[in-house]
$ cat upload33.pdb   # PDB, C-alpha atoms
ATOM      1  CA  MET Y  81      -1.748  16.626 -15.044
ATOM      2  CA  ARG Y  82      -5.056  15.959 -13.277
ATOM      3  CA  GLU Y  83      -7.004  16.421 -16.510
ATOM      4  CA  SER Y  84      -4.533  14.241 -18.392
ATOM      5  CA  LEU Y  85      -4.955  11.428 -15.865
ATOM      6  CA  ALA Y  86      -8.741  11.744 -16.067
ATOM      7  CA  ARG Y  87      -8.599  11.375 -19.870
ATOM      8  CA  LEU Y  88      -6.279   8.381 -19.565
ATOM      9  CA  ILE Y  89      -8.605   6.626 -17.131
ATOM     10  CA  ASP Y  90     -11.791   7.388 -19.090
ATOM     11  CA  SER Y  91     -10.244   6.205 -22.346
ATOM     12  CA  SER Y  92      -9.072   2.880 -20.860
ATOM     13  CA  ALA Y  93     -11.300  -0.180 -20.973
ATOM     14  CA  GLY Y  94     -12.610  -1.189 -17.556
ATOM     15  CA  PHE Y  95     -11.880   2.189 -15.934
ATOM     16  CA  ARG Y  96     -13.966   5.299 -15.297
ATOM     17  CA  CYS Y  97     -13.025   8.608 -13.682
ATOM     18  CA  VAL Y  98     -16.039   9.613 -11.573
ATOM     19  CA  SER Y  99     -14.652  12.956 -10.341
ATOM     20  CA  GLN Y 100     -11.552  15.162 -10.234
ATOM     21  CA  HIS Y 101     -10.691  17.957  -7.836
ATOM     22  CA  ALA Y 102      -8.036  20.671  -7.641
ATOM     23  CA  SER Y 103      -7.953  20.960  -3.838
ATOM     24  CA  GLY Y 104      -8.247  18.823  -0.743
ATOM     25  CA  GLU Y 105     -11.070  20.984   0.546
ATOM     26  CA  THR Y 106     -13.210  20.267  -2.510
ATOM     27  CA  ALA Y 107     -12.269  16.593  -2.470
ATOM     28  CA  LEU Y 108     -13.438  16.198   1.135
ATOM     29  CA  VAL Y 109     -16.880  17.445   0.144
ATOM     30  CA  GLU Y 110     -17.320  15.758  -3.240
ATOM     31  CA  ILE Y 111     -15.528  12.402  -3.038
ATOM     32  CA  PRO Y 112     -17.762  10.886  -0.289
ATOM     33  CA  ARG Y 113     -20.747  11.592  -2.548
ATOM     34  CA  VAL Y 114     -19.447   9.504  -5.461
ATOM     35  CA  LYS Y 115     -17.824   6.754  -3.348
ATOM     36  CA  PRO Y 116     -15.048   5.704  -5.760
ATOM     37  CA  HIS Y 117     -13.241   2.381  -5.546
ATOM     38  CA  VAL Y 118      -9.831   4.043  -5.899
ATOM     39  CA  ILE Y 119      -8.520   7.574  -5.288
ATOM     40  CA  LEU Y 120      -5.351   9.022  -6.826
ATOM     41  CA  MET Y 121      -4.099  11.651  -4.363
ATOM     42  CA  ASP Y 122      -1.331  14.201  -4.853
ATOM     43  CA  ILE Y 123       0.693  14.840  -1.692
ATOM     44  CA  ASN Y 124       1.550  18.427  -2.565
ATOM     45  CA  LEU Y 125      -1.932  19.987  -2.648
ATOM     46  CA  THR Y 126      -2.528  23.638  -1.880
ATOM     47  CA  GLY Y 127      -4.383  24.248   1.384
ATOM     48  CA  ILE Y 128      -4.997  20.858   2.985
ATOM     49  CA  ASN Y 129      -2.141  18.629   1.827
ATOM     50  CA  GLY Y 130      -2.670  15.155   0.452
ATOM     51  CA  VAL Y 131      -1.739  13.314   3.653
ATOM     52  CA  GLU Y 132      -4.228  15.349   5.716
ATOM     53  CA  CYS Y 133      -6.871  14.810   3.051
ATOM     54  CA  VAL Y 134      -6.340  11.045   3.172
ATOM     55  CA  MET Y 135      -6.526  11.095   6.964
ATOM     56  CA  ARG Y 136      -9.935  12.783   6.792
ATOM     57  CA  LEU Y 137     -11.315  10.761   3.897
ATOM     58  CA  LYS Y 138     -10.390   7.285   5.111
ATOM     59  CA  PRO Y 139     -12.889   7.186   8.033
ATOM     60  CA  LEU Y 140     -15.627   8.305   5.628
ATOM     61  CA  LEU Y 141     -14.670   5.764   2.942
ATOM     62  CA  PRO Y 142     -12.965   2.822   4.698
ATOM     63  CA  GLY Y 143     -13.391   0.564   1.664
ATOM     64  CA  THR Y 144     -11.868   3.015  -0.808
ATOM     65  CA  GLN Y 145      -8.225   2.399  -1.729
ATOM     66  CA  ILE Y 146      -5.911   5.408  -2.030
ATOM     67  CA  ILE Y 147      -2.773   5.661  -4.155
ATOM     68  CA  MET Y 148      -0.500   8.620  -3.475
ATOM     69  CA  LEU Y 149       1.070  10.299  -6.516
ATOM     70  CA  THR Y 150       4.160  12.363  -5.832
ATOM     71  CA  VAL Y 151       7.503  13.614  -7.095
ATOM     72  CA  TYR Y 152       8.923  13.141  -3.592
ATOM     73  CA  GLN Y 153      10.889  10.105  -2.425
ATOM     74  CA  ASN Y 154      11.174  11.454   1.123
ATOM     75  CA  THR Y 155      10.762   8.620   3.641
ATOM     76  CA  GLU Y 156       8.888  10.842   6.094
ATOM     77  CA  HIS Y 157       6.267  11.724   3.447
ATOM     78  CA  ILE Y 158       5.878   8.045   2.573
ATOM     79  CA  PHE Y 159       5.352   6.905   6.160
ATOM     80  CA  LYS Y 160       2.915   9.704   6.943
ATOM     81  CA  ALA Y 161       0.842   8.832   3.883
ATOM     82  CA  LEU Y 162       0.785   5.120   4.732
ATOM     83  CA  ALA Y 163      -0.081   5.843   8.353
ATOM     84  CA  ALA Y 164      -2.921   8.113   7.195
ATOM     85  CA  GLY Y 165      -4.489   5.249   5.253
ATOM     86  CA  ALA Y 166      -2.905   5.219   1.788
ATOM     87  CA  THR Y 167      -2.514   1.764   0.238
ATOM     88  CA  GLY Y 168      -0.157   2.507  -2.643
ATOM     89  CA  PHE Y 169       2.554   5.009  -3.495
ATOM     90  CA  MET Y 170       3.541   5.857  -7.081
ATOM     91  CA  LEU Y 171       5.825   8.481  -8.560
ATOM     92  CA  LYS Y 172       4.221  10.985 -10.930
ATOM     93  CA  GLN Y 173       6.588  10.002 -13.710
ATOM     94  CA  THR Y 174       5.185   6.455 -13.673
ATOM     95  CA  ARG Y 175       4.268   5.295 -17.187
ATOM     96  CA  PRO Y 176       0.504   5.402 -17.975
ATOM     97  CA  ASP Y 177       0.277   1.630 -18.463
ATOM     98  CA  GLU Y 178       2.001   1.013 -15.126
ATOM     99  CA  LEU Y 179      -0.339   3.448 -13.373
ATOM    100  CA  LEU Y 180      -3.393   1.655 -14.762
ATOM    101  CA  LEU Y 181      -1.952  -1.643 -13.539
ATOM    102  CA  ALA Y 182      -1.392  -0.071 -10.109
ATOM    103  CA  ILE Y 183      -5.028   1.073  -9.962
ATOM    104  CA  LYS Y 184      -6.230  -2.421 -10.881
ATOM    105  CA  ASP Y 185      -3.823  -3.977  -8.389
ATOM    106  CA  VAL Y 186      -4.889  -1.843  -5.446
ATOM    107  CA  HIS Y 187      -8.554  -2.477  -6.289
ATOM    108  CA  GLU Y 188      -7.899  -6.237  -6.171
ATOM    109  CA  GLY Y 189      -6.187  -6.096  -2.781
ATOM    110  CA  GLY Y 190      -2.583  -5.276  -3.641
ATOM    111  CA  SER Y 191      -0.302  -2.487  -2.423
ATOM    112  CA  PRO Y 192       1.436  -1.086  -5.518
ATOM    113  CA  MET Y 193       4.549   1.014  -5.057
ATOM    114  CA  SER Y 194       7.165   2.415  -7.397
ATOM    115  CA  SER Y 195      10.374   0.445  -6.997
ATOM    116  CA  HIS Y 196      12.406   3.443  -5.776
ATOM    117  CA  ILE Y 197       9.858   4.121  -3.045
ATOM    118  CA  ALA Y 198       9.684   0.452  -2.070
ATOM    119  CA  ARG Y 199      13.474   0.382  -1.705
ATOM    120  CA  LYS Y 200      13.388   3.375   0.651
ATOM    121  CA  ILE Y 201      10.726   1.707   2.770
ATOM    122  CA  VAL Y 202      12.687  -1.537   2.928
ATOM    123  CA  GLN Y 203      15.886   0.233   3.930
ATOM    124  CA  SER Y 204      14.133   2.293   6.589
ATOM    125  CA  PHE Y 205      12.336  -0.662   8.168
ATOM    126  CA  GLN Y 206      15.451  -2.799   8.070
ATOM    127  CA  GLN Y 207      17.216  -0.130  10.116
ATOM    128  CA  ARG Y 208      14.336  -0.039  12.593
ATOM    129  CA  VAL Y 209      14.039  -3.803  12.864
ATOM    130  CA  GLN Y 210      17.764  -4.175  13.494
ATOM    131  CA  ARG Y 211      17.158  -2.226  16.716
ATOM    132  CA  ASP Y 212      14.256  -4.483  17.679
ATOM    133  CA  ASP Y 213      15.405  -7.856  19.008
ATOM    134  CA  GLU Y 214      12.080  -8.832  20.588
ATOM    135  CA  THR Y 215      10.022  -9.562  17.473
ATOM    136  CA  PRO Y 216       7.299 -12.160  18.275
ATOM    137  CA  SER Y 217       7.341 -15.422  16.328
ATOM    138  CA  LEU Y 218       4.629 -16.203  13.802
ATOM    139  CA  SER Y 219       2.868 -19.542  13.561
ATOM    140  CA  PRO Y 220       3.774 -21.760  10.567
ATOM    141  CA  ARG Y 221       0.545 -20.780   8.784
ATOM    142  CA  GLU Y 222       1.080 -17.084   9.479
ATOM    143  CA  ALA Y 223       4.653 -17.361   8.219
ATOM    144  CA  GLN Y 224       3.365 -19.034   5.041
ATOM    145  CA  VAL Y 225       0.914 -16.170   4.508
ATOM    146  CA  ILE Y 226       3.566 -13.472   4.927
ATOM    147  CA  GLU Y 227       6.011 -15.300   2.656
ATOM    148  CA  LEU Y 228       3.406 -15.497  -0.131
ATOM    149  CA  LEU Y 229       2.621 -11.797   0.324
ATOM    150  CA  ALA Y 230       6.332 -11.060   0.040
ATOM    151  CA  LYS Y 231       6.344 -12.803  -3.338
ATOM    152  CA  GLY Y 232       3.660 -10.420  -4.568
ATOM    153  CA  TYR Y 233       0.600 -12.659  -4.151
ATOM    154  CA  LEU Y 234      -2.792 -10.948  -3.730
ATOM    155  CA  TYR Y 235      -4.925 -11.983  -0.750
ATOM    156  CA  LYS Y 236      -7.222 -14.106  -2.918
ATOM    157  CA  GLU Y 237      -4.185 -15.817  -4.482
ATOM    158  CA  VAL Y 238      -2.806 -16.591  -1.015
ATOM    159  CA  ALA Y 239      -6.159 -18.150  -0.096
ATOM    160  CA  GLU Y 240      -6.183 -20.291  -3.259
ATOM    161  CA  THR Y 241      -2.562 -21.409  -2.795
ATOM    162  CA  MET Y 242      -3.129 -22.388   0.839
ATOM    163  CA  GLY Y 243      -6.528 -23.954   0.144
ATOM    164  CA  VAL Y 244      -8.399 -21.821   2.675
ATOM    165  CA  SER Y 245     -11.090 -19.148   2.519
ATOM    166  CA  TYR Y 246     -10.523 -15.442   1.889
ATOM    167  CA  ALA Y 247     -11.880 -14.736   5.391
ATOM    168  CA  THR Y 248      -9.319 -17.121   6.934
ATOM    169  CA  ILE Y 249      -6.483 -15.231   5.229
ATOM    170  CA  HIS Y 250      -7.781 -11.934   6.625
ATOM    171  CA  THR Y 251      -7.862 -13.497  10.106
ATOM    172  CA  HIS Y 252      -4.230 -14.621   9.704
ATOM    173  CA  ILE Y 253      -3.255 -11.133   8.497
ATOM    174  CA  ARG Y 254      -4.951  -9.485  11.479
ATOM    175  CA  HIS Y 255      -3.006 -11.765  13.844
ATOM    176  CA  ILE Y 256       0.227 -11.035  11.960
ATOM    177  CA  TYR Y 257      -0.319  -7.281  12.298
ATOM    178  CA  GLU Y 258      -0.996  -7.670  16.033
ATOM    179  CA  LYS Y 259       2.078  -9.830  16.640
ATOM    180  CA  LEU Y 260       4.458  -7.702  14.604
ATOM    181  CA  GLN Y 261       2.867  -4.437  15.808
ATOM    182  CA  VAL Y 262       2.468  -3.074  12.285
ATOM    183  CA  ARG Y 263      -0.358  -1.453  10.346
ATOM    184  CA  SER Y 264       0.323  -2.375   6.734
ATOM    185  CA  ARG Y 265       1.301  -5.247   4.486
ATOM    186  CA  THR Y 266       4.597  -3.550   3.634
ATOM    187  CA  GLU Y 267       5.612  -3.155   7.276
ATOM    188  CA  ALA Y 268       4.651  -6.752   8.067
ATOM    189  CA  VAL Y 269       6.632  -8.237   5.164
ATOM    190  CA  VAL Y 270       9.789  -6.237   5.843
ATOM    191  CA  LYS Y 271       9.721  -6.852   9.594
ATOM    192  CA  HIS Y 272       9.217 -10.587   9.172
ATOM    193  CA  LEU Y 273      11.916 -10.929   6.528
ATOM    194  CA  SER Y 274      14.371  -8.964   8.650
ATOM    195  CA  GLN Y 275      13.681 -11.285  11.577
ATOM    196  CA  THR Y 276      14.159 -14.290   9.306
ATOM    197  CA  ARG Y 277      17.525 -13.014   8.097
ATOM    198  CA  ARG Y 278      18.674 -12.449  11.677
ATOM    199  CA  SER Y 279      17.939 -16.093  12.452
ATOM    200  CA  SER Y 280      20.040 -17.166   9.398
ATOM    201  CA  GLU Y 281      17.087 -18.685   7.543
ATOM    202  CA  PRO Y 282      16.772 -18.102   3.783
ATOM    203  CA  ALA Y 283      14.307 -15.291   3.113
ATOM    204  CA  PRO Y 284      12.110 -14.919  -0.008
ATOM    205  CA  LYS Y 285      12.629 -11.958  -2.282
ATOM    206  CA  VAL Y 286      10.435  -8.899  -1.751
ATOM    207  CA  ASN Y 287       8.406  -7.622  -4.688
ATOM    208  CA  PHE Y 288       6.438  -4.508  -3.825
ATOM    209  CA  SER Y 289       5.963  -3.166  -7.350
ATOM    210  CA  GLN Y 290       3.681  -5.974  -8.453
ATOM    211  CA  PRO Y 291       1.607  -5.642 -11.649
TER     212      PRO Y 291
END
$ encode --input "upload33.pdb" --output "structure tokens"
Amino acid sequence: MRESLARLIDSSAGFRCVSQHASGETALVEIPRVKPHVILMDINLTGINGVECVMRLKPLLPGTQIIMLTVYQNTEHIFKALAAGATGFMLKQTRPDELLLAIKDVHEGGSPMSSHIARKIVQSFQQRVQRDDETPSLSPREAQVIELLAKGYLYKEVAETMGVSYATIHTHIRHIYEKLQVRSRTEAVVKHLSQTRRSSEPAPKVNFSQP
């Protein structure tokens, strides 16, 4: 499968596979040397598993985006991978064209996820948020940012829509993360929307599997 993915990427316009590795141990040595924009990481590696590999790679390559590829839809695996630093989560049976779109999306600032995985995350966070009645309120501008993210907008698209700079959006997002006590876009969106529903306000639809 690894070789098949490498051929797919190399044969697609605008993409290039700079390295491929059969184990986490090899990846930890070789990947920092080539500094890729995006890493496709299998969770179920022999030796060091994919989550541990991500945890070790992320400090070395903070700007590199990591998409987990897996056959699992286990919520615990998903959360561990996201906490370790993964930005996207796709099932191995994802169609080639959808995977290429996910790679492009994560490179442009998105957080692509297969719809089944996104649903599990939503359900899990909704259950957690229902037990949390002390969610801090966001400012009107912060709420506008999170609502646009929930609609699938990329950071640069949020900036254009709101008529502010890319840096301003990142400042808003940092404040949102601090207020909601979350570490990812997915967590922030779900927690905010759950709070909105509790206050009987209409909430925008969530679209995590954006192109």
$ closest_residue --input "upload33.pdb" --among "Y:Lys172, Y:Glu237, Y:Val269, Y:His196" --to "Glu222 of chain Y" --atoms "all atoms listed in the file"
Y:Val269
$ resolve_selection --input "upload33.pdb" --expression "the PyMOL selection byres ((chain Y and resi 146) around 8)" --output "number ranges by chain"
Y: 118-121, 134, 144-145, 147-148, 165-168
$ residues_around --input "upload33.pdb" --residues "Leu85 of chain Y" --least-positions-apart "6" --cutoff "10 Å" --atoms "all atoms listed in the file" --output "tab-separated table (two decimals) with C-alpha atoms, in the coordinates of the input"
chain	number	residue	atom	x	y	z
Y	91	SER	CA	-10.24	6.20	-22.35
Y	97	CYS	CA	-13.02	8.61	-13.68
Y	100	GLN	CA	-11.55	15.16	-10.23
Y	120	LEU	CA	-5.35	9.02	-6.83
Y	176	PRO	CA	0.50	5.40	-17.98
Y	179	LEU	CA	-0.34	3.45	-13.37
Y	180	LEU	CA	-3.39	1.66	-14.76
$ atom_distance --input "upload33.pdb" --atom1 "atom CA of His187 of chain Y" --atom2 "atom CA of Tyr235 of chain Y"
11.6 Å
$ atom_distance --input "upload33.pdb" --atom1 "atom CA of Glu267 of chain Y" --atom2 "atom CA of Gly143 of chain Y"
20.2 Å
